[in-house]
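Chemist: model-v6.txt is reproduced below (compact mmCIF, C-alpha atoms).
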# COMPACT_ATOMS: atom_id res chain seq x y z
CA MET A 398 55.99 70.27 86.16
CA THR A 399 54.45 71.24 82.80
CA ASN A 400 56.10 73.56 80.31
CA LEU A 401 53.54 76.23 81.18
CA ASP A 402 54.50 76.00 84.86
CA LYS A 403 58.15 76.37 83.94
CA TYR A 404 57.33 79.33 81.67
CA ASP A 405 55.33 81.05 84.42
CA GLN A 406 58.02 80.40 86.96
CA VAL A 407 60.67 82.10 84.86
CA PHE A 408 58.53 85.25 84.76
CA MET A 409 57.65 85.05 88.45
CA ILE A 410 61.22 84.60 89.65
CA ARG A 411 62.86 87.01 87.22
CA PHE A 412 60.36 89.83 87.72
CA ARG A 413 59.50 88.99 91.35
CA LEU A 414 55.79 88.49 90.66
CA ASP A 415 53.24 86.42 92.57
CA GLY A 416 51.74 84.71 89.51
CA ASN A 417 48.49 86.72 89.27
CA ASN A 418 47.59 88.34 85.94
CA LEU A 419 50.69 87.09 84.18
CA GLU A 420 48.67 87.16 80.93
CA GLU A 421 48.60 90.97 81.07
CA LEU A 422 52.34 91.24 81.40
CA THR A 423 54.04 93.29 78.67
CA TYR A 424 57.53 94.68 78.14
CA GLN A 425 58.22 97.50 80.60
CA SER A 426 54.86 97.01 82.37
CA VAL A 427 56.85 96.05 85.46
CA GLN A 428 59.99 97.79 86.63
CA LEU A 429 62.25 94.77 86.26
CA TRP A 430 61.25 94.04 82.66
CA ASP A 431 63.49 96.65 81.07
CA SER A 432 66.16 96.13 78.42
CA VAL A 433 68.53 94.39 80.81
CA GLY A 434 65.74 92.36 82.40
CA HIS A 435 64.69 91.29 78.91
CA MET A 436 68.13 89.84 78.20
CA GLY A 437 67.98 87.94 81.48
CA LEU A 438 64.50 86.63 80.67
CA ILE A 439 65.56 85.37 77.24
CA ALA A 440 68.72 83.75 78.61
CA GLU A 441 66.70 81.95 81.27
CA LEU A 442 63.99 80.78 78.86
CA GLU A 443 66.66 79.47 76.50
CA GLU A 444 68.26 77.60 79.37
CA THR A 445 64.96 76.24 80.68
CA PHE A 446 63.69 74.93 77.33
CA ASP A 447 67.10 74.19 75.80
CA ILE A 448 66.53 76.37 72.75
CA MET A 449 68.35 79.18 70.96
CA MET A 450 66.10 82.02 69.80
CA ASP A 451 66.70 84.14 66.70
CA THR A 452 67.43 87.81 67.21
CA ASP A 453 64.14 88.80 65.53
CA ASP A 454 62.20 86.64 67.99
CA ILE A 455 64.03 88.17 70.92
CA ILE A 456 62.99 91.63 69.74
CA ASP A 457 59.40 90.48 69.05
CA PHE A 458 59.11 88.96 72.52
CA SER A 459 57.08 91.91 73.81
CA SER A 460 54.63 90.23 76.17
CA TYR A 461 53.85 87.07 78.11
CA GLU A 462 51.32 85.98 75.47
CA LYS A 463 53.57 86.85 72.53
CA GLY A 464 56.27 84.79 74.16
CA LYS A 465 54.03 81.72 74.11
CA GLU A 466 53.53 82.10 70.34
CA ILE A 467 57.25 82.51 69.78
CA LEU A 468 58.12 79.44 71.84
CA LYS A 469 55.77 77.35 69.63
CA LYS A 470 58.20 77.99 66.75
CA TYR A 471 60.84 76.18 68.76
CA ASP A 472 58.53 73.19 69.43
CA VAL A 473 57.90 74.23 73.01
CA ILE A 474 54.22 73.47 73.61
CA LEU A 475 52.80 75.34 76.57
CA MET B 182 95.14 87.47 65.87
CA THR B 183 97.21 86.60 68.94
CA LYS B 184 95.74 87.34 72.30
CA THR B 185 97.44 89.89 74.53
CA ASN B 186 98.74 88.38 77.76
CA PHE B 187 99.76 90.32 80.81
CA ASN B 188 101.81 89.40 83.85
CA ILE B 189 99.40 90.40 86.57
CA ARG B 190 100.93 92.11 89.60
CA GLU B 191 100.06 91.00 93.12
CA GLY B 192 98.20 93.43 95.37
CA LYS B 193 100.33 95.26 97.91
CA LYS B 194 100.03 97.36 101.04
CA ILE B 195 100.64 101.08 100.63
CA PRO B 196 101.15 103.85 103.22
CA TYR B 197 98.12 105.44 104.88
CA SER B 198 97.38 109.10 104.24
CA GLN B 199 98.86 111.41 106.85
CA TYR B 200 97.33 114.63 108.21
CA ASN B 201 98.51 118.07 107.13
CA LYS B 202 101.14 116.91 104.75
CA SER B 203 103.25 119.61 103.14
CA PHE B 204 103.99 119.47 99.43
CA LEU B 205 107.41 117.97 100.14
CA GLY B 206 105.91 115.58 102.67
CA THR B 207 103.50 114.32 100.01
CA ILE B 208 106.33 113.75 97.56
CA ARG B 209 108.46 112.04 100.16
CA SER B 210 105.80 109.62 101.38
CA GLY B 211 104.69 108.83 97.82
CA ALA B 212 108.28 108.06 96.85
CA GLU B 213 108.71 105.85 99.91
CA GLY B 214 105.59 103.90 99.07
CA ARG B 215 106.87 103.17 95.59
CA LYS B 216 110.52 102.77 96.58
CA VAL B 217 111.78 105.37 94.09
CA SER B 218 113.59 108.66 94.57
CA PRO B 219 111.44 111.75 95.31
CA PHE B 220 112.62 113.33 92.06
CA ILE B 221 111.55 110.37 89.92
CA TYR B 222 108.28 110.19 91.82
CA SER B 223 107.55 113.90 91.21
CA LEU B 224 108.24 113.55 87.50
CA LYS B 225 106.07 110.46 87.24
CA ARG B 226 103.26 112.11 89.11
CA LEU B 227 103.35 115.19 86.95
CA ARG B 228 103.52 113.07 83.81
CA ASN B 229 100.54 110.97 84.91
CA TYR B 230 98.54 114.07 85.73
CA LEU B 231 99.13 115.53 82.28
CA PHE B 232 98.33 112.27 80.51
CA MET B 233 95.21 111.84 82.62
CA MET B 234 93.90 115.34 81.86
CA LEU B 235 94.56 114.90 78.15
CA SER B 236 93.09 111.39 78.01
CA LEU B 237 89.84 112.60 79.58
CA ILE B 238 89.14 114.98 76.73
CA ALA B 239 91.15 113.64 73.79
CA PRO B 240 88.83 113.62 70.77
CA PHE B 241 89.89 110.24 69.33
CA ASN B 242 89.79 106.80 70.87
CA SER B 243 93.23 105.87 69.57
CA LEU B 244 94.66 108.92 71.31
CA ARG B 245 92.88 108.16 74.58
CA VAL B 246 94.19 104.59 74.50
CA ARG B 247 97.71 105.76 73.75
CA LEU B 248 97.70 108.37 76.53
CA ASN B 249 96.51 105.78 79.03
CA ARG B 250 99.23 103.37 77.87
CA TRP B 251 101.83 106.10 78.35
CA LYS B 252 100.43 106.64 81.81
CA GLY B 253 101.12 103.00 82.62
CA VAL B 254 97.79 101.27 82.10
CA ASN B 255 98.15 97.81 80.49
CA ILE B 256 95.91 97.84 77.43
CA GLY B 257 95.42 95.15 74.79
CA LYS B 258 94.26 95.44 71.19
CA ASN B 259 91.00 96.87 69.81
CA VAL B 260 90.10 98.55 73.08
CA TYR B 261 87.63 101.41 73.26
CA ILE B 262 87.95 104.02 76.00
CA GLY B 263 85.24 106.69 76.08
CA LEU B 264 85.51 110.34 76.97
CA PHE B 265 86.02 111.24 80.63
CA VAL B 266 87.03 107.73 81.63
CA PHE B 267 89.15 108.05 84.75
CA MET B 268 91.86 105.42 85.26
CA ASP B 269 93.52 105.40 88.67
CA ASN B 270 96.28 107.97 88.56
CA ALA B 271 98.38 106.75 91.46
CA TYR B 272 98.66 103.08 90.46
CA PRO B 273 97.71 102.88 86.77
CA GLU B 274 100.06 99.93 86.28
CA TYR B 275 97.59 97.81 88.27
CA ILE B 276 94.93 98.15 85.54
CA TYR B 277 94.84 95.35 82.95
CA ILE B 278 92.53 95.76 79.98
CA GLU B 279 92.50 92.81 77.61
CA ASP B 280 91.58 92.81 73.90
CA LYS B 281 88.21 93.99 72.55
CA VAL B 282 87.14 95.67 75.79
CA ALA B 283 84.93 98.78 75.76
CA ILE B 284 84.89 101.20 78.69
CA ASN B 285 82.34 103.90 78.08
CA ALA B 286 82.14 107.57 78.95
CA GLY B 287 82.45 108.73 82.52
CA SER B 288 83.47 105.38 84.01
CA MET B 289 86.11 105.08 86.71
CA VAL B 290 88.65 102.32 87.26
CA LEU B 291 90.21 102.48 90.72
CA THR B 292 93.11 100.39 91.94
CA HIS B 293 94.02 101.76 95.33
CA VAL B 294 92.59 102.86 98.62
CA ASN B 295 94.67 104.86 101.11
CA PRO B 296 92.46 106.21 103.88
CA TYR B 297 93.66 108.45 106.67
CA ILE B 298 95.76 106.79 109.32
CA HIS B 299 92.87 106.85 111.84
CA PHE B 300 91.19 104.03 109.87
CA GLU B 301 94.24 101.83 110.35
CA LYS B 302 92.42 99.39 112.60
CA ILE B 303 89.47 98.82 110.32
CA MET B 304 90.83 98.87 106.79
CA ASN B 305 94.01 98.28 104.86
CA ALA B 306 95.65 100.82 102.64
CA SER B 307 96.37 98.81 99.54
CA ALA B 308 96.71 98.73 95.78
CA ASN B 309 95.08 95.79 94.00
CA PRO B 310 94.87 94.90 90.32
CA VAL B 311 91.71 95.49 88.31
CA ILE B 312 91.48 93.06 85.41
CA ILE B 313 89.02 93.59 82.58
CA LYS B 314 89.00 90.42 80.53
CA GLU B 315 88.62 90.02 76.79
CA GLY B 316 85.46 91.39 75.21
CA ALA B 317 83.98 92.84 78.39
CA PHE B 318 81.75 95.89 78.15
CA VAL B 319 81.56 98.59 80.81
CA ALA B 320 78.67 100.97 80.24
CA VAL B 321 78.66 104.68 81.02
CA LYS B 322 79.35 106.04 84.50
CA SER B 323 80.25 102.69 86.02
CA ILE B 324 82.80 102.39 88.80
CA LEU B 325 85.18 99.44 89.12
CA LEU B 326 86.65 99.18 92.62
CA PRO B 327 90.16 97.90 93.44
CA GLY B 328 90.76 94.17 93.09
CA VAL B 329 87.85 93.24 90.87
CA THR B 330 87.99 91.10 87.75
CA ILE B 331 85.43 91.54 85.00
CA GLY B 332 85.07 88.19 83.23
CA GLU B 333 85.25 87.53 79.51
CA TYR B 334 82.40 89.08 77.51
CA ALA B 335 80.65 90.26 80.66
CA MET B 336 78.57 93.44 80.70
CA VAL B 337 78.44 96.06 83.42
CA THR B 338 75.32 98.18 82.94
CA ALA B 339 75.22 101.96 83.23
CA GLY B 340 75.96 103.46 86.61
CA SER B 341 76.86 100.17 88.30
CA ILE B 342 79.39 100.00 91.11
CA VAL B 343 81.37 96.79 90.87
CA SER B 344 82.82 95.64 94.18
CA LYS B 345 83.06 91.88 93.48
CA ASN B 346 84.29 89.81 90.57
CA VAL B 347 81.93 89.53 87.61
CA ASP B 348 81.53 86.09 86.03
CA PRO B 349 82.20 85.66 82.32
CA TYR B 350 79.19 86.04 79.99
CA THR B 351 76.98 87.69 82.58
CA ILE B 352 75.31 91.06 83.04
CA VAL B 353 75.58 92.92 86.34
CA ARG B 354 73.81 96.05 87.45
CA GLY B 355 73.25 98.28 90.47
CA ASN B 356 75.10 99.34 93.59
CA PRO B 357 76.60 96.98 94.58
CA ALA B 358 76.47 95.37 91.15
CA VAL B 359 74.64 92.02 91.14
CA LYS B 360 74.19 89.44 88.42
CA VAL B 361 70.95 89.86 86.52
CA ALA B 362 71.54 87.66 83.49
CA ASP B 363 73.77 84.84 82.36
CA TYR B 364 74.08 84.47 78.61
CA SER B 365 76.98 82.04 78.61
CA ARG B 366 75.11 79.49 76.47
CA ARG B 367 74.32 81.98 73.71
CA MET B 368 77.66 83.80 73.70
CA LYS B 369 79.84 80.71 73.95
CA ASN B 370 78.09 79.28 70.89
CA ILE B 371 78.64 82.51 69.01
CA VAL B 372 82.33 82.51 69.81
CA ILE B 373 82.66 78.86 68.72
CA THR B 374 80.89 79.66 65.42
CA GLU B 375 83.33 82.47 64.74
CA LYS B 376 86.28 80.21 65.30
CA THR B 377 85.08 77.43 63.02
CA GLU B 378 84.26 79.68 60.07
Can the structure in the file be given as structure tokens, please?

Modeler:
Amino acid sequence: MTNLDKYDQVFMIRFRLDGNNLEELTYQSVQLWDSVGHMGLIAELEETFDIMMDTDDIIDFSSYEKGKEILKKYDVIL
Amino acid sequence: MTKTNFNIREGKKIPYSQYNKSFLGTIRSGAEGRKVSPFIYSLKRLRNYLFMMLSLIAPFNSLRVRLNRWKGVNIGKNVYIGLFVFMDNAYPEYIYIEDKVAINAGSMVLTHVNPYIHFEKIMNASANPVIIKEGAFVAVKSILLPGVTIGEYAMVTAGSIVSKNVDPYTIVRGNPAVKVADYSRRMKNIVITEKTE
């Protein structure tokens, strides 16, 4: 399984999505991606890729695409 | 800073509610359930009622904490209790709040259930301890039901109804509250950093 597959899967499982149009996903665009859902998403991504994000990055993590850019900073190539 | 430790009481069976109880009947059965004299029970009940009413509206946290302690709730250090937080009035001694806990406005902590006698065959009348471990956070209007333990540094989100134990370093939400995030990795590291500095 590639890193991109793992990344997608976190979004799909956490927000109960079928995998279509993940690229359009932004914060609060689905019901489950609210403030609490965001904390769960970050915790799961950190666990999956064995990283520890800075607080600024957690706040900046506002969309699926933005998340990819942020993960690059932690040497996670998607 | 030393950690506050409590001797946790075991849960116990209590009498079922009876129909059409008179004032004296209420006092008598309450006293029997607690194995104290009716006079002592009446005084305690009146005292708890006054402390409860005052603690709901007291303007300062330190005062709310103190009133709840006087009522019998076991409370550690650096605890925040918001306005209109209702702590079980009949069995407050079954509530254990460890250090650095925050319980926000309008939440309820319940330790007993005593249904009418006609439910005898389907549910127990009992008092069970509610334990809120160090650093836990209970957001506004949450309800903690009898017998639950909120783990260390766990979060209960607004309006949740907690009917099962909450794991440490997790977030729960909803009715019934379910785990939606586990931040044990992040929080445990933060705690370790604090200790080593």

Chemist: Could you tell me which residues of chain B sit within 10 Å of chain A when counting all atoms listed in the file, and give me the result as a PyMOL selection string?

Modeler: chain B and resi 338+351-354+360-367+370

Chemist: Quick one: pull the distance between CA of Val266 (chain B) and CA of Ser323 (chain B), Å, one decimal.

Modeler: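 Distance reported for this atom pair: 9.5 Å.
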
Chemist: Can you tell me which residues surround region 211-214 of chain B at a distance of at most 9 Å, considering all atoms listed in the file, apart from same-chain residues fewer than 4 positions away, and format the answer as number ranges by chain?

Modeler: B: 194-196, 206-207, 218-223

Chemist: So that I can see what lies close to Leu414 (chain A), please list as number ranges by chain the residues with an atom at most 12 Å from it, counting all atoms listed in the file and leaving out residues fewer than 5 positions away in the same chain.

Modeler: A: 405-409, 419, 422, 426-430

Chemist: Around the point (84.8, 100.3, 81.0) (coordinates from the file), which residues reach within 9 Å if we count only C-alpha atoms? Answer as a ChimeraX atom specification.

Modeler: /B:261-263,266,282-290,313,317-325,337

Chemist: Using C-alpha atoms, can you export the residues from the last selection as a compact mmCIF listing (two decimals), in the coordinates of the input?

Modeler:
# COMPACT_ATOMS: atom_id res chain seq x y z
CA TYR B 261 87.63 101.41 73.26
CA ILE B 262 87.95 104.02 76.00
CA GLY B 263 85.24 106.69 76.08
CA VAL B 266 87.03 107.73 81.63
CA VAL B 282 87.14 95.67 75.79
CA ALA B 283 84.93 98.78 75.76
CA ILE B 284 84.89 101.20 78.69
CA ASN B 285 82.34 103.90 78.08
CA ALA B 286 82.14 107.57 78.95
CA GLY B 287 82.45 108.73 82.52
CA SER B 288 83.47 105.38 84.01
CA MET B 289 86.11 105.08 86.71
CA VAL B 290 88.65 102.32 87.26
CA ILE B 313 89.02 93.59 82.58
CA ALA B 317 83.98 92.84 78.39
CA PHE B 318 81.75 95.89 78.15
CA VAL B 319 81.56 98.59 80.81
CA ALA B 320 78.67 100.97 80.24
CA VAL B 321 78.66 104.68 81.02
CA LYS B 322 79.35 106.04 84.50
CA SER B 323 80.25 102.69 86.02
CA ILE B 324 82.80 102.39 88.80
CA LEU B 325 85.18 99.44 89.12
CA VAL B 337 78.44 96.06 83.42

Chemist: Between CA of Asn270 (chain B) and CA of Lys302 (chain B), what distance in Å does the model show, to one decimal?

Modeler: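 Value for the CA of Asn270 (chain B)-CA of Lys302 (chain B) distance: 25.8 Å.
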
Chemist: Report the distance between CA of Val329 (chain B) and CA of Ile312 (chain B) in Å, rounded to one decimal place.

Modeler: 6.6 Å

Chemist: In terms of the shortest atom-to-atom distance over all atoms listed in the file, which of A:Thr452, A:Asn400, A:Thr445, A:Thr423 is closest to Lys469 (chain A)?

Modeler: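 Result for the nearest residue to Lys469 (chain A): A:Asn400.
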
Chemist: From the options A:Phe446, A:Asp451, A:Asn418, A:Phe412, which residue's atoms come nearest to Val473 (chain A), counting all atoms listed in the file?

Modeler: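 Answer, going by the shortest atom-to-atom distance: A:Phe446.
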
Chemist: With 5 Å of padding per side, what axis-aligned box (centre and edge lengths, Å, one decimal) covers all the listed atoms of region 433-440 of chain A? Give it as lines of an AutoDock Vina configuration file.

Modeler:
center_x = 66.6
center_y = 89.1
center_z = 79.8
size_x = 14.2
size_y = 20.6
size_z = 15.2

Chemist: For region 305-309 of chain B, please output as a PDB file with C-alpha atoms, in the coordinates of the input all residues within 7 Å (counting all atoms listed in the file; exclusion window: fewer than 3 positions along the same chain).

Modeler:
ATOM      1  CA  GLU B 191     100.060  91.000  93.120  1.00  0.00           C
ATOM      2  CA  GLY B 192      98.200  93.430  95.370  1.00  0.00           C
ATOM      3  CA  LYS B 193     100.330  95.260  97.910  1.00  0.00           C
ATOM      4  CA  LYS B 194     100.030  97.360 101.040  1.00  0.00           C
ATOM      5  CA  ILE B 195     100.640 101.080 100.630  1.00  0.00           C
ATOM      6  CA  PRO B 196     101.150 103.850 103.220  1.00  0.00           C
ATOM      7  CA  TYR B 197      98.120 105.440 104.880  1.00  0.00           C
ATOM      8  CA  TYR B 275      97.590  97.810  88.270  1.00  0.00           C
ATOM      9  CA  THR B 292      93.110 100.390  91.940  1.00  0.00           C
ATOM     10  CA  HIS B 293      94.020 101.760  95.330  1.00  0.00           C
ATOM     11  CA  VAL B 294      92.590 102.860  98.620  1.00  0.00           C
ATOM     12  CA  ASN B 295      94.670 104.860 101.110  1.00  0.00           C
ATOM     13  CA  PRO B 296      92.460 106.210 103.880  1.00  0.00           C
ATOM     14  CA  GLU B 301      94.240 101.830 110.350  1.00  0.00           C
ATOM     15  CA  PRO B 327      90.160  97.900  93.440  1.00  0.00           C
ATOM     16  CA  GLY B 328      90.760  94.170  93.090  1.00  0.00           C
TER      17      GLY B 328
END

Chemist: Please supply region 196-230 of chain B, rebuilt with N, CA and C atoms, as a PDB file, in the coordinates of the input.

Modeler:
ATOM      1  N   PRO B 196     101.237 103.037 101.985  1.00  0.00           N
ATOM      2  CA  PRO B 196     101.150 103.850 103.220  1.00  0.00           C
ATOM      3  C   PRO B 196      99.777 104.522 103.363  1.00  0.00           C
ATOM      4  N   TYR B 197      99.362 104.686 104.609  1.00  0.00           N
ATOM      5  CA  TYR B 197      98.120 105.440 104.880  1.00  0.00           C
ATOM      6  C   TYR B 197      98.345 106.915 104.623  1.00  0.00           C
ATOM      7  N   SER B 198      97.264 107.642 104.367  1.00  0.00           N
ATOM      8  CA  SER B 198      97.380 109.100 104.240  1.00  0.00           C
ATOM      9  C   SER B 198      97.679 109.711 105.601  1.00  0.00           C
ATOM     10  N   GLN B 199      98.523 110.718 105.593  1.00  0.00           N
ATOM     11  CA  GLN B 199      98.860 111.410 106.850  1.00  0.00           C
ATOM     12  C   GLN B 199      98.174 112.772 106.856  1.00  0.00           C
ATOM     13  N   TYR B 200      97.963 113.311 108.088  1.00  0.00           N
ATOM     14  CA  TYR B 200      97.330 114.630 108.210  1.00  0.00           C
ATOM     15  C   TYR B 200      98.304 115.747 107.823  1.00  0.00           C
ATOM     16  N   ASN B 201      97.753 116.821 107.357  1.00  0.00           N
ATOM     17  CA  ASN B 201      98.510 118.070 107.130  1.00  0.00           C
ATOM     18  C   ASN B 201      99.866 117.875 106.476  1.00  0.00           C
ATOM     19  N   LYS B 202      99.855 117.125 105.412  1.00  0.00           N
ATOM     20  CA  LYS B 202     101.140 116.910 104.750  1.00  0.00           C
ATOM     21  C   LYS B 202     101.517 118.150 103.930  1.00  0.00           C
ATOM     22  N   SER B 203     102.769 118.519 103.994  1.00  0.00           N
ATOM     23  CA  SER B 203     103.250 119.610 103.140  1.00  0.00           C
ATOM     24  C   SER B 203     103.445 119.054 101.733  1.00  0.00           C
ATOM     25  N   PHE B 204     103.726 119.913 100.802  1.00  0.00           N
ATOM     26  CA  PHE B 204     103.990 119.470  99.430  1.00  0.00           C
ATOM     27  C   PHE B 204     105.156 118.481  99.401  1.00  0.00           C
ATOM     28  N   LEU B 205     106.236 118.862 100.120  1.00  0.00           N
ATOM     29  CA  LEU B 205     107.410 117.970 100.140  1.00  0.00           C
ATOM     30  C   LEU B 205     107.108 116.662 100.858  1.00  0.00           C
ATOM     31  N   GLY B 206     106.296 116.788 101.918  1.00  0.00           N
ATOM     32  CA  GLY B 206     105.910 115.580 102.670  1.00  0.00           C
ATOM     33  C   GLY B 206     105.137 114.608 101.775  1.00  0.00           C
ATOM     34  N   THR B 207     104.276 115.158 100.934  1.00  0.00           N
ATOM     35  CA  THR B 207     103.500 114.320 100.010  1.00  0.00           C
ATOM     36  C   THR B 207     104.434 113.588  99.047  1.00  0.00           C
ATOM     37  N   ILE B 208     105.377 114.341  98.512  1.00  0.00           N
ATOM     38  CA  ILE B 208     106.330 113.750  97.560  1.00  0.00           C
ATOM     39  C   ILE B 208     107.146 112.658  98.250  1.00  0.00           C
ATOM     40  N   ARG B 209     107.600 112.987  99.448  1.00  0.00           N
ATOM     41  CA  ARG B 209     108.460 112.040 100.160  1.00  0.00           C
ATOM     42  C   ARG B 209     107.723 110.737 100.475  1.00  0.00           C
ATOM     43  N   SER B 210     106.497 110.853 101.010  1.00  0.00           N
ATOM     44  CA  SER B 210     105.800 109.620 101.380  1.00  0.00           C
ATOM     45  C   SER B 210     105.377 108.820 100.142  1.00  0.00           C
ATOM     46  N   GLY B 211     105.029 109.542  99.060  1.00  0.00           N
ATOM     47  CA  GLY B 211     104.690 108.830  97.820  1.00  0.00           C
ATOM     48  C   GLY B 211     105.873 108.070  97.273  1.00  0.00           C
ATOM     49  N   ALA B 212     107.056 108.709  97.345  1.00  0.00           N
ATOM     50  CA  ALA B 212     108.280 108.060  96.850  1.00  0.00           C
ATOM     51  C   ALA B 212     108.624 106.852  97.702  1.00  0.00           C
ATOM     52  N   GLU B 213     108.426 106.985  99.016  1.00  0.00           N
ATOM     53  CA  GLU B 213     108.710 105.850  99.910  1.00  0.00           C
ATOM     54  C   GLU B 213     107.813 104.669  99.587  1.00  0.00           C
ATOM     55  N   GLY B 214     106.544 104.970  99.373  1.00  0.00           N
ATOM     56  CA  GLY B 214     105.590 103.900  99.070  1.00  0.00           C
ATOM     57  C   GLY B 214     105.936 103.135  97.812  1.00  0.00           C
ATOM     58  N   ARG B 215     106.542 103.821  96.873  1.00  0.00           N
ATOM     59  CA  ARG B 215     106.870 103.170  95.590  1.00  0.00           C
ATOM     60  C   ARG B 215     108.341 102.785  95.490  1.00  0.00           C
ATOM     61  N   LYS B 216     109.082 103.096  96.528  1.00  0.00           N
ATOM     62  CA  LYS B 216     110.520 102.770  96.580  1.00  0.00           C
ATOM     63  C   LYS B 216     111.291 103.373  95.395  1.00  0.00           C
ATOM     64  N   VAL B 217     111.011 104.641  95.116  1.00  0.00           N
ATOM     65  CA  VAL B 217     111.780 105.370  94.090  1.00  0.00           C
ATOM     66  C   VAL B 217     112.235 106.693  94.710  1.00  0.00           C
ATOM     67  N   SER B 218     113.109 107.396  94.021  1.00  0.00           N
ATOM     68  CA  SER B 218     113.590 108.660  94.570  1.00  0.00           C
ATOM     69  C   SER B 218     112.477 109.718  94.450  1.00  0.00           C
ATOM     70  N   PRO B 219     112.470 110.711  95.361  1.00  0.00           N
ATOM     71  CA  PRO B 219     111.440 111.750  95.310  1.00  0.00           C
ATOM     72  C   PRO B 219     111.409 112.474  93.963  1.00  0.00           C
ATOM     73  N   PHE B 220     112.572 112.641  93.348  1.00  0.00           N
ATOM     74  CA  PHE B 220     112.620 113.330  92.060  1.00  0.00           C
ATOM     75  C   PHE B 220     111.888 112.527  90.977  1.00  0.00           C
ATOM     76  N   ILE B 221     112.199 111.251  90.909  1.00  0.00           N
ATOM     77  CA  ILE B 221     111.550 110.370  89.920  1.00  0.00           C
ATOM     78  C   ILE B 221     110.043 110.336  90.177  1.00  0.00           C
ATOM     79  N   TYR B 222     109.704 110.246  91.465  1.00  0.00           N
ATOM     80  CA  TYR B 222     108.280 110.190  91.820  1.00  0.00           C
ATOM     81  C   TYR B 222     107.558 111.462  91.373  1.00  0.00           C
ATOM     82  N   SER B 223     108.186 112.635  91.609  1.00  0.00           N
ATOM     83  CA  SER B 223     107.550 113.900  91.210  1.00  0.00           C
ATOM     84  C   SER B 223     107.339 113.955  89.704  1.00  0.00           C
ATOM     85  N   LEU B 224     108.363 113.529  88.961  1.00  0.00           N
ATOM     86  CA  LEU B 224     108.240 113.550  87.500  1.00  0.00           C
ATOM     87  C   LEU B 224     107.115 112.630  87.034  1.00  0.00           C
ATOM     88  N   LYS B 225     107.076 111.447  87.634  1.00  0.00           N
ATOM     89  CA  LYS B 225     106.070 110.460  87.240  1.00  0.00           C
ATOM     90  C   LYS B 225     104.669 110.980  87.564  1.00  0.00           C
ATOM     91  N   ARG B 226     104.561 111.607  88.692  1.00  0.00           N
ATOM     92  CA  ARG B 226     103.260 112.110  89.110  1.00  0.00           C
ATOM     93  C   ARG B 226     102.774 113.231  88.180  1.00  0.00           C
ATOM     94  N   LEU B 227     103.684 114.096  87.858  1.00  0.00           N
ATOM     95  CA  LEU B 227     103.350 115.190  86.950  1.00  0.00           C
ATOM     96  C   LEU B 227     102.986 114.647  85.567  1.00  0.00           C
ATOM     97  N   ARG B 228     103.781 113.687  85.111  1.00  0.00           N
ATOM     98  CA  ARG B 228     103.520 113.070  83.810  1.00  0.00           C
ATOM     99  C   ARG B 228     102.134 112.427  83.794  1.00  0.00           C
ATOM    100  N   ASN B 229     101.843 111.648  84.845  1.00  0.00           N
ATOM    101  CA  ASN B 229     100.540 110.970  84.910  1.00  0.00           C
ATOM    102  C   ASN B 229      99.387 111.963  84.946  1.00  0.00           C
ATOM    103  N   TYR B 230      99.597 113.054  85.643  1.00  0.00           N
ATOM    104  CA  TYR B 230      98.540 114.070  85.730  1.00  0.00           C
ATOM    105  C   TYR B 230      98.252 114.646  84.351  1.00  0.00           C
TER     106      TYR B 230
END
